[in-house]
Amino acid sequence: MKGAAQRGLTVLADPTRARILRLIRDADGGHALVGKLADALDLRQPTVSHHMKALLSEGVVVRERDGRRVWYSIAPDQIDRVNALIGADDAASSEPDLDRIVDDLSLRFRGTFSSETVRASVQNSYDLLATGSTSPLLASRTASFAATRLEALSRAQGDLPARPEVLFVCVQNSGRSQLAAGILRHLAGDRVGVRSAGSAPGPELRTSVVQALDEIGVSVGGEFPKPLTDDVVRAADVVVTMGCGDSCPVFPGRRYLDWPLEDPVGKPMVTVRSIRDDIEGRVRALLDEILAY
């Protein structure tokens, strides 16, 4: 059962298939022909047929013959799953209730930050995440991102009990930095504060990364790609970069490490597991160093 679910996630993780599903969902009547999909995607029909075969075999789509034509539509029991991965359609989307998020976080950080500071953080966090986003979880992600940044600011100001803070940074915050952050949280628990960010964050975590972590008992929880901001860098004692060049701001008093790691994007699972294990070894060594002080 678990293997079937992981195969299904892998099928949906392909960006071309995500575009196919979005075209089918948004088409008149909620169904489409392979030829029309090929024209819209500027792909050859055999290529689209290959993707449709994979989606059909996993039960993501269903087909219906109409004479010599074959229509494809999203399987009714897969609609929620598909929307969660490619984003809800515009008609179903709603504006995040930022005022409510501000009220909730103002209560959470009462005595630490004014409501004006909280509102500015929420609005800025929303603006950063909303750029190019199709996620149906924009409101909850805005609240989570703003809370993370306010907590980082509070720690930088010395308002919270001291503990080592580590920030992992890669380009998209959907692969290497999430692997490292997930493993360190798993090993360190509450003894170390762990954050991750990306210099150019992608839309979602890589399915292969989620699978690689799950295989070793590490949950990603509600993690999602987040942009790199000055406040999380200021709150960190150790900043670990992974292929993001000079995009990470440098502040005095922080320890900066650069880990030359292969990017797992587009790699087979055997390579992703190798990258994961390399990262785990580095994380374990870093944790030993941190806890030794």
# chains A, B, ... in the order shown; residues from 1 in each chain; ligands from 1

$ residues_around --residues "His31 (chain A)" --least-positions-apart "6" --cutoff "8 Å" --atoms "only C-alpha atoms" --output "MDAnalysis selection string"
chainID A and resid 24:25 71:74

$ residues_around --residues "region 169-180 of chain A" --least-positions-apart "5" --cutoff "10 Å" --atoms "only C-alpha atoms" --output "PyMOL selection string"
chain A and resi 185-186+194-210+212-213+218+220+223-228+233+239-245+247-248+258-259+261-265+272+275-284

$ residues_around --residues "Ser115 (chain A)" --least-positions-apart "4" --cutoff "10 Å" --atoms "only C-alpha atoms" --output "PDB file with N, CA, C and O atoms, in the first residue's frame"
ATOM      1  N   VAL A 102      -3.227  38.079  11.335  1.00  0.00           N
ATOM      2  CA  VAL A 102      -2.575  39.116  12.145  1.00  0.00           C
ATOM      3  C   VAL A 102      -3.077  39.059  13.582  1.00  0.00           C
ATOM      4  O   VAL A 102      -2.295  39.124  14.543  1.00  0.00           O
ATOM      5  N   ASP A 103      -4.392  38.928  13.759  1.00  0.00           N
ATOM      6  CA  ASP A 103      -4.965  38.871  15.110  1.00  0.00           C
ATOM      7  C   ASP A 103      -4.422  37.679  15.889  1.00  0.00           C
ATOM      8  O   ASP A 103      -4.057  37.794  17.073  1.00  0.00           O
ATOM      9  N   LEU A 105      -1.597  35.933  15.368  1.00  0.00           N
ATOM     10  CA  LEU A 105      -0.175  36.053  15.672  1.00  0.00           C
ATOM     11  C   LEU A 105       0.103  37.181  16.667  1.00  0.00           C
ATOM     12  O   LEU A 105       1.059  37.106  17.441  1.00  0.00           O
ATOM     13  N   SER A 106      -0.747  38.206  16.671  1.00  0.00           N
ATOM     14  CA  SER A 106      -0.594  39.274  17.664  1.00  0.00           C
ATOM     15  C   SER A 106      -0.821  38.726  19.068  1.00  0.00           C
ATOM     16  O   SER A 106      -0.133  39.111  20.027  1.00  0.00           O
ATOM     17  N   LEU A 107      -1.782  37.807  19.192  1.00  0.00           N
ATOM     18  CA  LEU A 107      -2.025  37.160  20.479  1.00  0.00           C
ATOM     19  C   LEU A 107      -0.846  36.271  20.857  1.00  0.00           C
ATOM     20  O   LEU A 107      -0.380  36.278  22.004  1.00  0.00           O
ATOM     21  N   PHE A 109       2.284  36.530  19.989  1.00  0.00           N
ATOM     22  CA  PHE A 109       3.499  37.293  20.290  1.00  0.00           C
ATOM     23  C   PHE A 109       3.217  38.535  21.142  1.00  0.00           C
ATOM     24  O   PHE A 109       4.014  39.471  21.151  1.00  0.00           O
ATOM     25  N   ARG A 110       2.095  38.499  21.874  1.00  0.00           N
ATOM     26  CA  ARG A 110       1.738  39.629  22.729  1.00  0.00           C
ATOM     27  C   ARG A 110       2.820  39.840  23.787  1.00  0.00           C
ATOM     28  O   ARG A 110       3.301  38.901  24.411  1.00  0.00           O
ATOM     29  N   ARG A 119       1.601  42.799  11.715  1.00  0.00           N
ATOM     30  CA  ARG A 119       0.917  43.024  10.441  1.00  0.00           C
ATOM     31  C   ARG A 119       1.930  43.194   9.301  1.00  0.00           C
ATOM     32  O   ARG A 119       1.744  42.654   8.205  1.00  0.00           O
ATOM     33  N   ALA A 120       2.992  43.942   9.547  1.00  0.00           N
ATOM     34  CA  ALA A 120       4.012  44.146   8.514  1.00  0.00           C
ATOM     35  C   ALA A 120       4.663  42.824   8.125  1.00  0.00           C
ATOM     36  O   ALA A 120       4.922  42.566   6.938  1.00  0.00           O
ATOM     37  N   SER A 121       4.935  41.966   9.119  1.00  0.00           N
ATOM     38  CA  SER A 121       5.544  40.668   8.839  1.00  0.00           C
ATOM     39  C   SER A 121       4.594  39.779   8.044  1.00  0.00           C
ATOM     40  O   SER A 121       5.005  39.104   7.099  1.00  0.00           O
TER      41      SER A 121
END

$ select_by_dssp --residues "region 167-214 of chain A" --states "alpha helix (DSSP H)" --output "PyMOL selection string"
chain A and resi 176-188+207-214

$ residues_around --residues "Asp231 (chain A)" --least-positions-apart "2" --cutoff "8 Å" --atoms "only C-alpha atoms" --output "list in words"
Arg149, Ala152, Leu153, Thr229, Val233, Arg234 and Ala235 of chain A

$ closest_residue --among "A:Leu55, A:Leu150, A:Leu98, A:Ala130" --to "Ser114 (chain A)" --atoms "only C-alpha atoms"
A:Leu150

$ residues_around --residues "Ala146 (chain A)" --least-positions-apart "4" --cutoff "9 Å" --atoms "only C-alpha atoms" --output "PyMOL selection string"
chain A and resi 105+118+121-126+141-142+150-151

$ write_last_selection --atoms "N, CA, C and O atoms" --output "compact mmCIF listing (two decimals), in the first residue's frame"
# COMPACT_ATOMS: atom_id res chain seq x y z
N LEU A 105 -1.60 35.93 15.37
CA LEU A 105 -0.18 36.05 15.67
C LEU A 105 0.10 37.18 16.67
O LEU A 105 1.06 37.11 17.44
N VAL A 118 3.60 42.85 13.70
CA VAL A 118 3.05 41.57 13.25
C VAL A 118 2.39 41.74 11.88
O VAL A 118 2.59 40.93 10.97
N SER A 121 4.94 41.97 9.12
CA SER A 121 5.54 40.67 8.84
C SER A 121 4.59 39.78 8.04
O SER A 121 5.00 39.10 7.10
N VAL A 122 3.31 39.77 8.42
CA VAL A 122 2.32 38.95 7.72
C VAL A 122 2.18 39.42 6.27
O VAL A 122 2.18 38.61 5.34
N GLN A 123 2.06 40.72 6.06
CA GLN A 123 1.88 41.23 4.71
C GLN A 123 3.09 40.94 3.84
O GLN A 123 2.97 40.51 2.69
N ASN A 124 4.29 41.16 4.39
CA ASN A 124 5.51 40.90 3.64
C ASN A 124 5.66 39.41 3.34
O ASN A 124 6.07 39.02 2.24
N SER A 125 5.33 38.57 4.31
CA SER A 125 5.42 37.12 4.10
C SER A 125 4.45 36.68 3.01
O SER A 125 4.79 35.86 2.15
N TYR A 126 3.24 37.24 3.05
CA TYR A 126 2.25 36.92 2.01
C TYR A 126 2.75 37.35 0.64
O TYR A 126 2.67 36.59 -0.33
N ARG A 141 0.32 28.83 4.89
CA ARG A 141 1.76 28.98 4.70
C ARG A 141 2.20 30.40 5.05
O ARG A 141 3.30 30.59 5.59
N THR A 142 1.37 31.39 4.76
CA THR A 142 1.69 32.76 5.15
C THR A 142 1.79 32.86 6.67
O THR A 142 2.74 33.46 7.21
N LEU A 150 8.96 35.94 12.83
CA LEU A 150 8.81 36.69 14.09
C LEU A 150 9.57 36.00 15.22
O LEU A 150 10.19 36.66 16.06
N GLU A 151 9.52 34.67 15.22
CA GLU A 151 10.27 33.93 16.24
C GLU A 151 11.77 34.14 16.05
O GLU A 151 12.53 34.32 17.01

$ select_by_dssp --residues "region 32-273 of chain A" --states "strand (DSSP E or B)" --output "tab-separated table (two decimals) with all heavy atoms, in the first residue's frame"
chain	number	residue	atom	x	y	z
A	32	ALA	N	-10.52	16.18	-22.02
A	32	ALA	CA	-9.72	16.65	-23.16
A	32	ALA	C	-9.24	15.47	-23.98
A	32	ALA	O	-9.17	14.33	-23.50
A	32	ALA	CB	-8.53	17.47	-22.66
A	33	LEU	N	-8.89	15.77	-25.24
A	33	LEU	CA	-8.34	14.79	-26.16
A	33	LEU	C	-6.81	14.90	-26.18
A	33	LEU	O	-6.26	15.99	-25.98
A	33	LEU	CB	-8.87	15.02	-27.58
A	33	LEU	CG	-10.39	14.95	-27.75
A	33	LEU	CD1	-10.77	15.50	-29.13
A	33	LEU	CD2	-10.88	13.51	-27.61
A	61	VAL	N	-6.41	9.43	-13.90
A	61	VAL	CA	-7.37	9.85	-14.92
A	61	VAL	C	-8.20	8.64	-15.36
A	61	VAL	O	-7.81	7.48	-15.13
A	61	VAL	CB	-6.67	10.47	-16.15
A	61	VAL	CG1	-5.90	11.72	-15.75
A	61	VAL	CG2	-5.75	9.47	-16.84
A	62	VAL	N	-9.31	8.92	-15.97
A	62	VAL	CA	-10.15	7.89	-16.58
A	62	VAL	C	-10.38	8.28	-18.04
A	62	VAL	O	-10.25	9.45	-18.41
A	62	VAL	CB	-11.50	7.75	-15.86
A	62	VAL	CG1	-11.31	7.22	-14.44
A	62	VAL	CG2	-12.25	9.08	-15.81
A	63	ARG	N	-10.70	7.31	-18.88
A	63	ARG	CA	-10.94	7.61	-20.28
A	63	ARG	C	-12.32	7.13	-20.70
A	63	ARG	O	-12.85	6.17	-20.15
A	63	ARG	CB	-9.86	6.99	-21.16
A	63	ARG	CG	-9.78	5.48	-21.14
A	63	ARG	CD	-8.61	5.03	-21.99
A	63	ARG	NE	-8.45	3.57	-21.92
A	63	ARG	CZ	-7.45	2.92	-22.51
A	63	ARG	NH1	-6.54	3.59	-23.20
A	63	ARG	NH2	-7.35	1.61	-22.40
A	64	GLU	N	-12.86	7.81	-21.70
A	64	GLU	CA	-14.20	7.48	-22.20
A	64	GLU	C	-14.18	7.58	-23.72
A	64	GLU	O	-13.80	8.62	-24.28
A	64	GLU	CB	-15.24	8.45	-21.62
A	64	GLU	CG	-16.65	8.18	-22.08
A	64	GLU	CD	-17.64	9.16	-21.50
A	64	GLU	OE1	-17.23	10.00	-20.67
A	64	GLU	OE2	-18.82	9.09	-21.87
A	65	ARG	N	-14.58	6.51	-24.36
A	65	ARG	CA	-14.58	6.49	-25.82
A	65	ARG	C	-15.84	7.17	-26.36
A	65	ARG	O	-16.94	7.02	-25.82
A	65	ARG	CB	-14.51	5.05	-26.35
A	65	ARG	CG	-13.16	4.41	-26.11
A	65	ARG	CD	-13.00	3.13	-26.91
A	65	ARG	NE	-11.66	2.58	-26.77
A	65	ARG	CZ	-10.62	2.95	-27.49
A	65	ARG	NH1	-10.78	3.88	-28.43
A	65	ARG	NH2	-9.43	2.40	-27.30
A	66	ASP	N	-15.63	7.95	-27.42
A	66	ASP	CA	-16.74	8.61	-28.12
A	66	ASP	C	-16.51	8.36	-29.61
A	66	ASP	O	-15.89	9.17	-30.31
A	66	ASP	CB	-16.73	10.11	-27.80
A	66	ASP	CG	-17.83	10.87	-28.53
A	66	ASP	OD1	-18.78	10.21	-29.02
A	66	ASP	OD2	-17.72	12.11	-28.64
A	69	ARG	N	-12.86	8.74	-30.99
A	69	ARG	CA	-12.13	9.65	-30.10
A	69	ARG	C	-12.12	9.10	-28.67
A	69	ARG	O	-13.03	8.39	-28.26
A	69	ARG	CB	-12.75	11.04	-30.11
A	69	ARG	CG	-12.72	11.71	-31.48
A	69	ARG	CD	-13.22	13.14	-31.40
A	69	ARG	NE	-14.60	13.21	-30.96
A	69	ARG	CZ	-15.29	14.35	-30.82
A	69	ARG	NH1	-14.69	15.51	-31.08
A	69	ARG	NH2	-16.54	14.34	-30.43
A	70	VAL	N	-11.08	9.44	-27.95
A	70	VAL	CA	-10.96	9.03	-26.55
A	70	VAL	C	-10.76	10.29	-25.70
A	70	VAL	O	-9.78	11.03	-25.87
A	70	VAL	CB	-9.78	8.06	-26.33
A	70	VAL	CG1	-9.66	7.70	-24.85
A	70	VAL	CG2	-9.95	6.81	-27.17
A	71	TRP	N	-11.70	10.53	-24.79
A	71	TRP	CA	-11.63	11.68	-23.88
A	71	TRP	C	-11.01	11.25	-22.55
A	71	TRP	O	-11.31	10.17	-22.04
A	71	TRP	CB	-13.02	12.24	-23.62
A	71	TRP	CG	-13.68	12.84	-24.83
A	71	TRP	CD1	-14.49	12.20	-25.73
A	71	TRP	CD2	-13.57	14.19	-25.27
A	71	TRP	NE1	-14.90	13.07	-26.70
A	71	TRP	CE2	-14.35	14.31	-26.45
A	71	TRP	CE3	-12.90	15.31	-24.80
A	71	TRP	CZ2	-14.48	15.49	-27.15
A	71	TRP	CZ3	-13.01	16.49	-25.48
A	71	TRP	CH2	-13.80	16.59	-26.65
A	72	TYR	N	-10.18	12.11	-22.00
A	72	TYR	CA	-9.58	11.86	-20.69
A	72	TYR	C	-10.08	12.90	-19.69
A	72	TYR	O	-10.17	14.09	-20.01
A	72	TYR	CB	-8.05	11.91	-20.76
A	72	TYR	CG	-7.44	10.73	-21.46
A	72	TYR	CD1	-7.21	10.76	-22.83
A	72	TYR	CD2	-7.10	9.58	-20.75
A	72	TYR	CE1	-6.65	9.67	-23.49
A	72	TYR	CE2	-6.54	8.49	-21.39
A	72	TYR	CZ	-6.32	8.53	-22.76
A	72	TYR	OH	-5.77	7.45	-23.40
A	73	SER	N	-10.38	12.43	-18.49
A	73	SER	CA	-10.79	13.34	-17.41
A	73	SER	C	-10.16	12.86	-16.11
A	73	SER	O	-9.70	11.72	-16.01
A	73	SER	CB	-12.31	13.39	-17.27
A	73	SER	OG	-12.84	12.10	-17.03
A	74	ILE	N	-10.12	13.73	-15.13
A	74	ILE	CA	-9.56	13.36	-13.83
A	74	ILE	C	-10.54	12.46	-13.10
A	74	ILE	O	-11.74	12.74	-13.04
A	74	ILE	CB	-9.27	14.62	-12.99
A	74	ILE	CG1	-8.22	15.48	-13.71
A	74	ILE	CG2	-8.76	14.24	-11.60
A	74	ILE	CD1	-7.98	16.82	-13.06
A	165	GLU	N	21.01	27.72	16.85
A	165	GLU	CA	20.11	27.89	15.71
A	165	GLU	C	20.88	27.63	14.42
A	165	GLU	O	21.95	28.19	14.21
A	165	GLU	CB	19.53	29.31	15.68
A	165	GLU	CG	18.72	29.69	16.91
A	165	GLU	CD	17.34	29.06	16.92
A	165	GLU	OE1	16.79	28.82	15.81
A	165	GLU	OE2	16.80	28.82	18.02
A	166	VAL	N	20.33	26.76	13.58
A	166	VAL	CA	20.97	26.40	12.31
A	166	VAL	C	20.03	26.72	11.16
A	166	VAL	O	18.84	26.41	11.20
A	166	VAL	CB	21.34	24.91	12.27
A	166	VAL	CG1	21.98	24.55	10.93
A	166	VAL	CG2	22.29	24.56	13.42
A	167	LEU	N	20.58	27.34	10.13
A	167	LEU	CA	19.82	27.67	8.92
A	167	LEU	C	20.47	26.96	7.73
A	167	LEU	O	21.68	27.11	7.50
A	167	LEU	CB	19.81	29.18	8.68
A	167	LEU	CG	19.23	29.66	7.34
A	167	LEU	CD1	17.74	29.35	7.26
A	167	LEU	CD2	19.49	31.16	7.16
A	168	PHE	N	19.67	26.20	6.98
A	168	PHE	CA	20.13	25.54	5.76
A	168	PHE	C	19.58	26.29	4.55
A	168	PHE	O	18.36	26.55	4.49
A	168	PHE	CB	19.68	24.08	5.72
A	168	PHE	CG	20.29	23.21	6.79
A	168	PHE	CD1	19.55	22.84	7.91
A	168	PHE	CD2	21.59	22.76	6.67
A	168	PHE	CE1	20.10	22.04	8.90
A	168	PHE	CE2	22.16	21.96	7.66
A	168	PHE	CZ	21.41	21.60	8.77
A	169	VAL	N	20.43	26.61	3.61
A	169	VAL	CA	20.03	27.38	2.43
A	169	VAL	C	20.49	26.69	1.15
A	169	VAL	O	21.66	26.35	1.01
A	169	VAL	CB	20.62	28.81	2.46
A	169	VAL	CG1	20.07	29.63	1.29
A	169	VAL	CG2	20.33	29.50	3.78
A	170	CYS	N	19.53	26.46	0.22
A	170	CYS	CA	19.90	26.03	-1.12
A	170	CYS	C	19.14	26.93	-2.09
A	170	CYS	O	18.65	28.00	-1.70
A	170	CYS	CB	19.61	24.55	-1.35
A	170	CYS	SG	17.87	24.07	-1.35
A	193	GLY	N	17.43	24.73	17.20
A	193	GLY	CA	16.44	25.35	16.32
A	193	GLY	C	16.88	25.18	14.87
A	193	GLY	O	18.04	25.43	14.54
A	194	VAL	N	15.97	24.75	14.01
A	194	VAL	CA	16.31	24.44	12.63
A	194	VAL	C	15.38	25.18	11.68
A	194	VAL	O	14.16	25.13	11.83
A	194	VAL	CB	16.22	22.93	12.34
A	194	VAL	CG1	16.68	22.63	10.91
A	194	VAL	CG2	17.03	22.13	13.35
A	195	ARG	N	15.98	25.87	10.71
A	195	ARG	CA	15.19	26.53	9.66
A	195	ARG	C	15.85	26.26	8.31
A	195	ARG	O	17.02	25.90	8.23
A	195	ARG	CB	15.12	28.04	9.89
A	195	ARG	CG	14.42	28.44	11.18
A	195	ARG	CD	14.30	29.96	11.32
A	195	ARG	NE	13.66	30.32	12.58
A	195	ARG	CZ	14.31	30.50	13.71
A	195	ARG	NH1	15.63	30.38	13.74
A	195	ARG	NH2	13.65	30.82	14.81
A	196	SER	N	15.07	26.46	7.26
A	196	SER	CA	15.62	26.32	5.91
A	196	SER	C	15.00	27.38	5.02
A	196	SER	O	13.92	27.91	5.32
A	196	SER	CB	15.35	24.91	5.34
A	196	SER	OG	13.96	24.72	5.13
A	197	ALA	N	15.69	27.70	3.93
A	197	ALA	CA	15.21	28.73	3.01
A	197	ALA	C	15.87	28.52	1.65
A	197	ALA	O	16.81	27.73	1.51
A	197	ALA	CB	15.53	30.12	3.56
A	198	GLY	N	15.36	29.25	0.65
A	198	GLY	CA	15.92	29.15	-0.69
A	198	GLY	C	16.14	30.52	-1.30
A	198	GLY	O	15.36	31.45	-1.07
A	227	PRO	N	11.27	31.67	0.99
A	227	PRO	CA	12.35	32.56	0.52
A	227	PRO	C	13.32	32.91	1.63
A	227	PRO	O	12.97	32.90	2.82
A	227	PRO	CB	11.59	33.80	0.03
A	227	PRO	CG	10.30	33.80	0.78
A	227	PRO	CD	9.96	32.35	1.01
A	238	VAL	N	24.62	29.12	12.96
A	238	VAL	CA	25.32	28.45	11.88
A	238	VAL	C	24.47	28.54	10.62
A	238	VAL	O	23.28	28.22	10.64
A	238	VAL	CB	25.59	26.96	12.21
A	238	VAL	CG1	26.33	26.28	11.06
A	238	VAL	CG2	26.37	26.83	13.51
A	239	VAL	N	25.06	28.97	9.52
A	239	VAL	CA	24.38	29.05	8.23
A	239	VAL	C	25.09	28.11	7.28
A	239	VAL	O	26.29	28.26	7.01
A	239	VAL	CB	24.39	30.48	7.66
A	239	VAL	CG1	23.68	30.51	6.30
A	239	VAL	CG2	23.73	31.45	8.63
A	240	VAL	N	24.35	27.11	6.77
A	240	VAL	CA	24.93	26.13	5.85
A	240	VAL	C	24.34	26.37	4.47
A	240	VAL	O	23.13	26.27	4.28
A	240	VAL	CB	24.62	24.69	6.30
A	240	VAL	CG1	25.27	23.68	5.33
A	240	VAL	CG2	25.12	24.44	7.72
A	241	THR	N	25.19	26.70	3.50
A	241	THR	CA	24.74	26.93	2.13
A	241	THR	C	25.07	25.72	1.26
A	241	THR	O	26.04	25.01	1.50
A	241	THR	CB	25.39	28.19	1.54
A	241	THR	OG1	26.82	28.05	1.59
A	241	THR	CG2	24.99	29.43	2.33
A	255	ARG	N	28.57	31.53	11.99
A	255	ARG	CA	29.47	30.58	11.37
A	255	ARG	C	28.87	30.16	10.03
A	255	ARG	O	27.72	29.70	9.97
A	255	ARG	CB	29.66	29.36	12.26
A	255	ARG	CG	30.59	28.30	11.68
A	255	ARG	CD	30.63	27.07	12.57
A	255	ARG	NE	31.46	26.02	12.01
A	255	ARG	CZ	31.47	24.76	12.44
A	255	ARG	NH1	30.67	24.41	13.46
A	255	ARG	NH2	32.25	23.86	11.89
A	256	TYR	N	29.60	30.31	8.96
A	256	TYR	CA	29.12	29.98	7.62
A	256	TYR	C	29.85	28.75	7.10
A	256	TYR	O	31.08	28.69	7.12
A	256	TYR	CB	29.32	31.16	6.66
A	256	TYR	CG	28.39	32.32	6.94
A	256	TYR	CD1	28.72	33.28	7.89
A	256	TYR	CD2	27.17	32.45	6.27
A	256	TYR	CE1	27.88	34.34	8.16
A	256	TYR	CE2	26.32	33.51	6.54
A	256	TYR	CZ	26.68	34.45	7.48
A	256	TYR	OH	25.83	35.49	7.76
A	257	LEU	N	29.06	27.79	6.63
A	257	LEU	CA	29.61	26.58	6.03
A	257	LEU	C	29.03	26.42	4.63
A	257	LEU	O	27.87	26.78	4.39
A	257	LEU	CB	29.24	25.34	6.86
A	257	LEU	CG	29.69	25.29	8.32
A	257	LEU	CD1	29.08	24.07	9.01
A	257	LEU	CD2	31.21	25.26	8.41
A	258	ASP	N	29.81	25.91	3.71
A	258	ASP	CA	29.30	25.60	2.37
A	258	ASP	C	29.52	24.12	2.10
A	258	ASP	O	30.65	23.65	2.14
A	258	ASP	CB	30.01	26.45	1.31
A	258	ASP	CG	29.40	26.22	-0.07
A	258	ASP	OD1	28.22	26.57	-0.26
A	258	ASP	OD2	30.09	25.65	-0.93

$ residues_around --residues "Pro164 (chain A)" --least-positions-apart "5" --cutoff "8 Å" --atoms "only C-alpha atoms" --output "ChimeraX atom specification"
/A:191-193,236-237,290

$ write_last_selection --atoms "C-alpha atoms" --output "PDB file, in the first residue's frame"
ATOM      1  CA  ARG A 191      17.902  20.954  21.477  1.00  0.00           C
ATOM      2  CA  VAL A 192      18.559  22.848  18.224  1.00  0.00           C
ATOM      3  CA  GLY A 193      16.442  25.348  16.319  1.00  0.00           C
ATOM      4  CA  ALA A 236      21.122  31.702  13.055  1.00  0.00           C
ATOM      5  CA  ASP A 237      24.341  30.694  14.790  1.00  0.00           C
ATOM      6  CA  ILE A 290      27.130  22.106  18.201  1.00  0.00           C
TER       7      ILE A 290
END

$ atom_distance --atom1 "CA of Lys267 (chain A)" --atom2 "CA of Leu23 (chain A)"
26.4 Å

$ closest_residue --among "A:Pro46, A:Val250, A:Thr131, A:Ala75" --to "Glu58 (chain A)" --atoms "only C-alpha atoms"
A:Ala75
